[in-house]
Structure formats: structure tokens, C-alpha cells
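Working notes, structure below.
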Amino acid sequence: MASDTPHDHHDHQRHDHQHGHVHIGEAEWAALAAHAELEAEVLLQFVTDAVAWAGELRHPNAPPVRTIIDIGSGPGVGTCELARLFPEAHIVAVDGSTAMLSNARRRAADHGVSDRIDTHLAELPAGLETIGRADLIWASMSLHHIGDEVGVMRMLRDHLEPHGQLVVTEFGDPMRLLPDQVDVGRPGLAARLDAVAASWFASMRAGLPGTVPSEEFPTMLGAAGYDVHGSHLARVHLPAPLTPSGRQFALTQLQRARAQFADRLDPDDAEALTVLTDPDHPSSLLHRDGVFVDASRRVMVASPTEVE
Ligand SMILES: C[S@@+](CC[C@H](N)C(=O)[O-])C[C@H]1O[C@@H](n2cnc3c(N)ncnc32)[C@H](O)[C@@H]1O
């Protein structure tokens, strides 16, 4: 139902009504932090599974992972999971948002891993000079916010230790929260929301500094000088009935879509979303039966191409 594209708060969203470029600034990231934390908690399995899979694909001569750079760490849920899964590792969480990084520090303290997690404020592609090298560079749902994705992935090569891995997680299929046929609004709401999300996303990309057209990530990884050792579509399916936090996530995910896409939606669809996201309405995602979470991510494991 809802798209999975990042962003929040209609009030703060800056774009013109002729569908000019969308810009996500610090106010928007700060407003998104709590939802991003809940989303990452609900979908934590993506991180756990990707770490296990990357481990299987590691070079046989690779040393144990002792240093990790988490690019676009956001609120730090993935960062703390990396700290749990690599108990010997020191992690640098890199993000362009002070609010996200302060959330990440709070979370690291809550999880008792502050001594192994540093935060580094950087608006990529700038600000990587002092972050050093790592055995593992993790970039989950962050590279699509950078205008020149190939350029930044090429830069990241210089921050990998020998036999180091870059693990990239990006959008898979659009998220679904409801069956295709819902008893609110016109049929086909989910497909129309997907189209709106795609147009919003193109507008967001068009507004990024130094933006260049994207290609499929495995292709861009090749262009940036990596061998892709694996690329697959990972799925997390949380069936109905959801846990309270799963249900809360489903509700806020659709509320975000309602706000984020406000001026791109058909009035009928906006009205349907208003009903589905009104916590006091019996038809809302908070109260109706059959709400689930069906999410997917493309996960890629790569390492720099070795030059003979
Ligand atoms: C959708 S969140 C992903 C959070 C987390 N990695 C996850 O998978 O749940 C994207 C993060 O990338 C950060 N980000 C966006 N553009 C960035 C840039 N140019 N440099 C550094 N971080 C950036 C945002 O501040 C945000 O925290």
C-alpha cells in the first residue's frame, strides 16, 4: 500500500505545486527519525539476514570483521544490530543529519554498545576524508539519497581494507500493508500510490546536488569498480494479526505516504488514505483486520575488483 520512500511531514516538505524538485532537509530527517527507528525495528530481519549472507560470501582469506562503516546509519537500529552481530567490531555511523546521529547515540547507549560506536556527521559525497578504513562498509537505504551514486561508491573503495566488503541494501518491490482489494476508496489504490511514489522519488533524485541518472545497483557497482558477489531480493513478511508495534508501523507508514504525496494524489485517494490513517476511524489500519507488512529489499554484496 504505502511506498517505502523516505521522508515525512507535509508541513515541512519543500517542493512546489507544479511538482518541482523535492528536497529533504534536516527538519524533514529530524521529523522522520522516530518512524525510521520503528521501521528499522520492525524490519530488522533484513539486517540480520544480510549479515549472515555476506558472511557466507566473504573471501576465505578475509580477516574477522573488526571495523565497520555504516553509511547513512539513520537512527542507528542497523548500527546496533551490526554491533550485536560483530561483538569485536568498532563501528563508525556516518550520516548527514545531526538528529539521526543523536538518535543513533541514544540507541547505542540503550543497547550498551556506546564504547564501540562512533558517529560522524558528513553530507556525502563530502566528509569521508577522516573516516579511515573498514573491513565492512554497510550502506542501507542511503545511497539513493546521493546525486552521484557511482561516484560515492567509487570513493568508498578507498575506505575498504583488503578483502573488505561493501554491502548495499536498496529498494525492492513497493511495500504492501493491505490486500489489493480494500473496502475504502476506488479499486487500484495501491497501484496508483506506487505510481505517485515513483514520481515523487524521481523528483527527489532530480533535486539532489550533482545528480546523475541512476541505473540498477549491480550495474552501478560494476561501474564503480566492484565485483558483485551476490544480489538478491530479500523479503520480510509479517502476517496479520500484527503485533502492536507492527500495527503502529503500518499506520504511520501510510500516514507518511498521505503527507508526503499530498499534492500528487487524486482527491479520492487522498480521502481514502485519510480514512485508513485516522486512528479513531474503525476502518483505519489501527483497527481493521487483515493488516500485514510485506516488504522487500535488494541486497548486494560486493568487493573492489582486484587489479592484476
Ligand atoms: C532511509 S534512512 C536509512 C537509515 C538506515 N540505514 C536504515 O536502513 O534503516 C537514510 C539516511 O541517509 C541519510 N542521508 C541522506 N543523504 C545523505 C548524505 N548525502 N550523506 C549522508 N547521509 C545521508 C539520512 O539522513 C538518513 O538518516
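Ordering of the C-alpha cells sets the chain letters (A, B, ...); residue numbers start at 1 within each chain; ligands are numbered from 1 in the order shown.
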
Problem set entry | Surrounding residues of A:Leu233 excluding itself and chain neighbours under 4 positions, 8 Å, only C-alpha atoms, as a PyMOL selection string | chain A and resi 172+296-299

Just to be explicit: take each residue in the selection above, keep N, CA and C atoms, and write the result as an mmCIF file, in the first residue's frame.
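Listed below is the output, out.cif:
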data_model
loop_
_atom_site.group_PDB
_atom_site.id
_atom_site.type_symbol
_atom_site.label_atom_id
_atom_site.label_comp_id
_atom_site.auth_asym_id
_atom_site.auth_seq_id
_atom_site.Cartn_x
_atom_site.Cartn_y
_atom_site.Cartn_z
ATOM 1 N N GLY A 172 13.406 -2.717 -2.841
ATOM 2 C CA GLY A 172 12.930 -3.859 -3.623
ATOM 3 C C GLY A 172 11.586 -3.492 -4.218
ATOM 4 N N SER A 296 10.262 -5.690 0.896
ATOM 5 C CA SER A 296 11.404 -6.351 0.256
ATOM 6 C C SER A 296 12.524 -5.344 0.041
ATOM 7 N N ARG A 297 13.721 -5.867 -0.018
ATOM 8 C CA ARG A 297 14.911 -5.049 -0.263
ATOM 9 C C ARG A 297 15.826 -5.801 -1.230
ATOM 10 N N ARG A 298 16.484 -5.041 -2.086
ATOM 11 C CA ARG A 298 17.549 -5.651 -2.898
ATOM 12 C C ARG A 298 18.844 -5.543 -2.091
ATOM 13 N N VAL A 299 19.474 -6.675 -1.843
ATOM 14 C CA VAL A 299 20.721 -6.686 -1.072
ATOM 15 C C VAL A 299 21.858 -7.132 -1.987
#

For this session: Mind the document's chain letters and residue numbers, and return as a PyMOL selection string the residues of stretch 31-193 of chain A that DSSP labels helix (DSSP H, G or I).
Result: chain A and resi 31-42+45-57+77-85+98-110+114-116+143-145+149-157+189-193

Problem set entry | Within 7 Å of ligand 1 (only C-alpha atoms and all ligand atoms), residues as a count of residues only | 27

Problem set entry | All residues 9 Å or closer to A:Tyr226, only C-alpha atoms, same chain fewer than 2 positions away omitted, as JSON, numbers by chain | {"A": [153, 154, 157, 166, 220, 221, 222, 223, 224, 228, 302, 303, 304, 305, 306]}

Save the residues we just selected, C-alpha atoms, as a PDB file, in the first residue's frame?
ATOM      1  CA  MET A 153      30.678   4.037  -4.258  1.00  0.00           C
ATOM      2  CA  ARG A 154      33.979   4.595  -6.085  1.00  0.00           C
ATOM      3  CA  ARG A 157      36.593   1.652  -2.321  1.00  0.00           C
ATOM      4  CA  LEU A 166      30.593  -3.352   0.624  1.00  0.00           C
ATOM      5  CA  MET A 220      26.416   0.877 -10.871  1.00  0.00           C
ATOM      6  CA  LEU A 221      28.572  -1.242  -8.563  1.00  0.00           C
ATOM      7  CA  GLY A 222      30.357  -2.617 -11.630  1.00  0.00           C
ATOM      8  CA  ALA A 223      30.866   0.904 -12.977  1.00  0.00           C
ATOM      9  CA  ALA A 224      32.292   1.962  -9.611  1.00  0.00           C
ATOM     10  CA  VAL A 228      29.261  -8.147  -7.206  1.00  0.00           C
ATOM     11  CA  ALA A 302      30.489  -6.543  -3.438  1.00  0.00           C
ATOM     12  CA  SER A 303      34.203  -6.026  -3.123  1.00  0.00           C
ATOM     13  CA  PRO A 304      36.654  -3.933  -5.123  1.00  0.00           C
ATOM     14  CA  THR A 305      37.682  -5.535  -8.381  1.00  0.00           C
ATOM     15  CA  GLU A 306      41.256  -6.732  -7.989  1.00  0.00           C
TER      16      GLU A 306
END

Problem set entry | Within 8 Å of stretch 273-279 of chain A using only C-alpha atoms, minus same-chain residues under 2 positions, as number ranges by chain | A: 184, 251-252, 254-255, 258, 269-271, 281-287

Now that the selection is made, can you save its residues with C-alpha atoms as an mmCIF file, in the first residue's frame?
data_model
loop_
_atom_site.group_PDB
_atom_site.id
_atom_site.type_symbol
_atom_site.label_atom_id
_atom_site.label_comp_id
_atom_site.auth_asym_id
_atom_site.auth_seq_id
_atom_site.Cartn_x
_atom_site.Cartn_y
_atom_site.Cartn_z
ATOM 1 C CA VAL A 184 -12.298 2.005 1.199
ATOM 2 C CA LEU A 251 -0.387 3.125 10.400
ATOM 3 C CA THR A 252 2.461 5.637 10.442
ATOM 4 C CA LEU A 254 0.555 5.118 5.450
ATOM 5 C CA GLN A 255 0.285 8.449 7.290
ATOM 6 C CA ARG A 258 -0.585 10.581 2.859
ATOM 7 C CA ASP A 269 -7.240 8.537 -2.997
ATOM 8 C CA ALA A 270 -6.330 11.279 -0.534
ATOM 9 C CA GLU A 271 -9.745 10.791 1.056
ATOM 10 C CA HIS A 281 -11.832 5.515 12.421
ATOM 11 C CA PRO A 282 -12.972 1.871 12.647
ATOM 12 C CA SER A 283 -11.685 1.281 9.086
ATOM 13 C CA SER A 284 -8.195 2.578 9.867
ATOM 14 C CA LEU A 285 -5.112 0.408 9.830
ATOM 15 C CA LEU A 286 -5.123 0.540 13.606
ATOM 16 C CA HIS A 287 -8.463 -1.279 13.891
#

Exercise. Of the candidates A:Arg84, A:Gly164, A:Ala99, A:Asp49, which one gets nearest to A:Glu26 if we count only C-alpha atoms?
Worked result: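 Among A:Arg84, A:Gly164, A:Ala99, A:Asp49, it is A:Ala99 that comes nearest to A:Glu26.
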
Problem set entry | Å distance separating atom CA of A:His229 from atom CA of A:Ala50, one decimal place | 12.9 Å

Strand (DSSP E) positions in stretch 24-156 of chain A, given as a PDB file with N, CA and C atoms, in the first residue's frame:
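Everything below was put into selection_14.pdb:
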ATOM      1  N   THR A  67      36.284  -3.673  11.918  1.00  0.00           N
ATOM      2  CA  THR A  67      35.917  -2.265  11.700  1.00  0.00           C
ATOM      3  C   THR A  67      34.796  -2.206  10.665  1.00  0.00           C
ATOM      4  N   ILE A  68      33.790  -1.384  10.981  1.00  0.00           N
ATOM      5  CA  ILE A  68      32.622  -1.253  10.093  1.00  0.00           C
ATOM      6  C   ILE A  68      32.321   0.236   9.931  1.00  0.00           C
ATOM      7  N   ILE A  69      31.980   0.633   8.715  1.00  0.00           N
ATOM      8  CA  ILE A  69      31.464   1.984   8.471  1.00  0.00           C
ATOM      9  C   ILE A  69      30.022   1.814   8.008  1.00  0.00           C
ATOM     10  N   ASP A  70      29.112   2.497   8.691  1.00  0.00           N
ATOM     11  CA  ASP A  70      27.681   2.400   8.356  1.00  0.00           C
ATOM     12  C   ASP A  70      27.284   3.723   7.684  1.00  0.00           C
ATOM     13  N   ILE A  71      27.134   3.675   6.373  1.00  0.00           N
ATOM     14  CA  ILE A  71      26.872   4.887   5.587  1.00  0.00           C
ATOM     15  C   ILE A  71      25.367   5.199   5.622  1.00  0.00           C
ATOM     16  N   HIS A  90      34.417  -2.340  15.901  1.00  0.00           N
ATOM     17  CA  HIS A  90      34.179  -0.925  16.160  1.00  0.00           C
ATOM     18  C   HIS A  90      33.475  -0.353  14.928  1.00  0.00           C
ATOM     19  N   ILE A  91      32.442   0.460  15.154  1.00  0.00           N
ATOM     20  CA  ILE A  91      31.604   0.928  14.046  1.00  0.00           C
ATOM     21  C   ILE A  91      31.580   2.455  14.014  1.00  0.00           C
ATOM     22  N   VAL A  92      31.726   3.005  12.811  1.00  0.00           N
ATOM     23  CA  VAL A  92      31.512   4.441  12.629  1.00  0.00           C
ATOM     24  C   VAL A  92      30.189   4.615  11.885  1.00  0.00           C
ATOM     25  N   ALA A  93      29.242   5.286  12.531  1.00  0.00           N
ATOM     26  CA  ALA A  93      27.940   5.575  11.909  1.00  0.00           C
ATOM     27  C   ALA A  93      28.052   6.940  11.246  1.00  0.00           C
ATOM     28  N   VAL A  94      27.891   6.970   9.934  1.00  0.00           N
ATOM     29  CA  VAL A  94      28.031   8.213   9.167  1.00  0.00           C
ATOM     30  C   VAL A  94      26.644   8.644   8.714  1.00  0.00           C
ATOM     31  N   ASP A  95      26.321   9.914   8.937  1.00  0.00           N
ATOM     32  CA  ASP A  95      25.033  10.410   8.458  1.00  0.00           C
ATOM     33  C   ASP A  95      25.130  11.920   8.293  1.00  0.00           C
ATOM     34  N   ILE A 117      30.643   2.317  19.163  1.00  0.00           N
ATOM     35  CA  ILE A 117      30.003   3.055  18.064  1.00  0.00           C
ATOM     36  C   ILE A 117      30.364   4.533  18.158  1.00  0.00           C
ATOM     37  N   ASP A 118      30.993   5.047  17.113  1.00  0.00           N
ATOM     38  CA  ASP A 118      31.228   6.488  16.987  1.00  0.00           C
ATOM     39  C   ASP A 118      30.306   7.026  15.918  1.00  0.00           C
ATOM     40  N   THR A 119      29.949   8.296  16.028  1.00  0.00           N
ATOM     41  CA  THR A 119      29.148   8.901  14.968  1.00  0.00           C
ATOM     42  C   THR A 119      29.989   9.944  14.250  1.00  0.00           C
ATOM     43  N   HIS A 120      29.707  10.096  12.973  1.00  0.00           N
ATOM     44  CA  HIS A 120      30.477  11.022  12.130  1.00  0.00           C
ATOM     45  C   HIS A 120      29.498  11.762  11.237  1.00  0.00           C
ATOM     46  N   LEU A 121      29.388  13.064  11.449  1.00  0.00           N
ATOM     47  CA  LEU A 121      28.467  13.875  10.651  1.00  0.00           C
ATOM     48  C   LEU A 121      29.115  14.202   9.316  1.00  0.00           C
ATOM     49  N   ALA A 134      37.741   0.226   6.656  1.00  0.00           N
ATOM     50  CA  ALA A 134      36.920  -0.752   7.381  1.00  0.00           C
ATOM     51  C   ALA A 134      36.939  -2.090   6.655  1.00  0.00           C
ATOM     52  N   ASP A 135      36.668  -3.144   7.432  1.00  0.00           N
ATOM     53  CA  ASP A 135      36.532  -4.488   6.843  1.00  0.00           C
ATOM     54  C   ASP A 135      35.174  -4.646   6.174  1.00  0.00           C
ATOM     55  N   LEU A 136      34.223  -3.843   6.622  1.00  0.00           N
ATOM     56  CA  LEU A 136      32.863  -3.938   6.090  1.00  0.00           C
ATOM     57  C   LEU A 136      32.291  -2.523   5.986  1.00  0.00           C
ATOM     58  N   ILE A 137      31.814  -2.182   4.805  1.00  0.00           N
ATOM     59  CA  ILE A 137      31.071  -0.928   4.658  1.00  0.00           C
ATOM     60  C   ILE A 137      29.623  -1.299   4.373  1.00  0.00           C
ATOM     61  N   TRP A 138      28.744  -0.741   5.181  1.00  0.00           N
ATOM     62  CA  TRP A 138      27.318  -1.064   5.160  1.00  0.00           C
ATOM     63  C   TRP A 138      26.591   0.179   4.649  1.00  0.00           C
ATOM     64  N   ALA A 139      25.766   0.044   3.634  1.00  0.00           N
ATOM     65  CA  ALA A 139      25.020   1.209   3.127  1.00  0.00           C
ATOM     66  C   ALA A 139      23.587   0.763   2.879  1.00  0.00           C
ATOM     67  N   SER A 140      22.731   1.008   3.865  1.00  0.00           N
ATOM     68  CA  SER A 140      21.358   0.522   3.779  1.00  0.00           C
ATOM     69  C   SER A 140      20.402   1.680   3.534  1.00  0.00           C
TER      70      SER A 140
END

For this session: Could you check how far atom CA of A:Val152 sits from atom CA of A:Ala54, in Å to one decimal?
Result: 20.9 Å

List as a tab-separated table every residue of stretch 210-280 of chain A that is in contact with stretch 185-205 of chain A, defined as an atom at most 9 Å from one of its atoms (using only C-alpha atoms), together with the nearest atom pair and the distance in Å rounded to one decimal, sorted by chain and then rising number.
residue	atom	partner	partner_atom	distance
A:Thr211	CA	A:Arg205	CA	6.8
A:Val212	CA	A:Arg205	CA	8.4
A:Pro213	CA	A:Arg205	CA	8.4
A:Ser214	CA	A:Arg205	CA	8.8
A:Ala257	CA	A:Ala197	CA	8.2
A:Gln260	CA	A:Trp200	CA	8.5
A:Phe261	CA	A:Val196	CA	7.0
A:Arg264	CA	A:Val196	CA	6.4
A:Leu265	CA	A:Val196	CA	7.0
A:Asp266	CA	A:Arg192	CA	8.9
A:Asp268	CA	A:Gly185	CA	6.6
A:Asp269	CA	A:Gly185	CA	6.5
A:Glu271	CA	A:Gly185	CA	7.5
A:Ala272	CA	A:Gly185	CA	4.9
A:Leu273	CA	A:Gly185	CA	8.3

May I have the residues from that selection written out with C-alpha atoms, as a PDB file, in the first residue's frame?
ATOM      1  CA  THR A 211      22.595  14.311  -9.656  1.00  0.00           C
ATOM      2  CA  VAL A 212      23.162  11.846 -12.480  1.00  0.00           C
ATOM      3  CA  PRO A 213      20.710   9.241 -13.787  1.00  0.00           C
ATOM      4  CA  SER A 214      20.615   6.024 -11.773  1.00  0.00           C
ATOM      5  CA  ALA A 257       2.539   8.455   2.368  1.00  0.00           C
ATOM      6  CA  GLN A 260       4.457  13.049   1.557  1.00  0.00           C
ATOM      7  CA  PHE A 261       2.408  12.657  -1.596  1.00  0.00           C
ATOM      8  CA  ARG A 264       0.273  14.362  -6.125  1.00  0.00           C
ATOM      9  CA  LEU A 265      -2.713  12.274  -5.033  1.00  0.00           C
ATOM     10  CA  ASP A 266      -6.137  12.028  -6.650  1.00  0.00           C
ATOM     11  CA  ASP A 268     -10.432  10.265  -3.986  1.00  0.00           C
ATOM     12  CA  ASP A 269      -7.240   8.537  -2.997  1.00  0.00           C
ATOM     13  CA  GLU A 271      -9.745  10.791   1.056  1.00  0.00           C
ATOM     14  CA  ALA A 272      -9.296   7.016   1.201  1.00  0.00           C
ATOM     15  CA  LEU A 273      -5.919   7.481   2.884  1.00  0.00           C
TER      16      LEU A 273
END

Exercise. Rounded to one decimal in Å, what is the spacing between atom CA of A:Ser231 and atom CA of A:Glu37?
Worked result: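 That distance, rounded to one decimal, is 25.3 Å.
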
Problem set entry | Distance criterion (only C-alpha atoms): nearest to A:Gly25 out of A:Gly225, A:Pro267, A:Gly207, A:Pro63 |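 Of all the options, A:Gly207 lies closest to A:Gly25.
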
For this session: Tell me which of A:Thr169, A:Thr79, A:Gln248, A:Ile24 sits closest to A:Ala234, counting only C-alpha atoms.
Result: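 Distance minimum relative to A:Ala234 lands on A:Thr169.
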
For this session: Write out as a PyMOL selection string the residues lying within 12 Å of A:Ala52, counting only C-alpha atoms and excluding same-chain residues fewer than 5 positions away.
Result: chain A and resi 45-47+57-58+82+85-86+167+299+301

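Distance annotation: of A:Gly230, A:Pro174, A:Pro60, A:Pro209, the residue with the minimal separation from A:His21 is A:Pro209; atom set is only C-alpha atoms.
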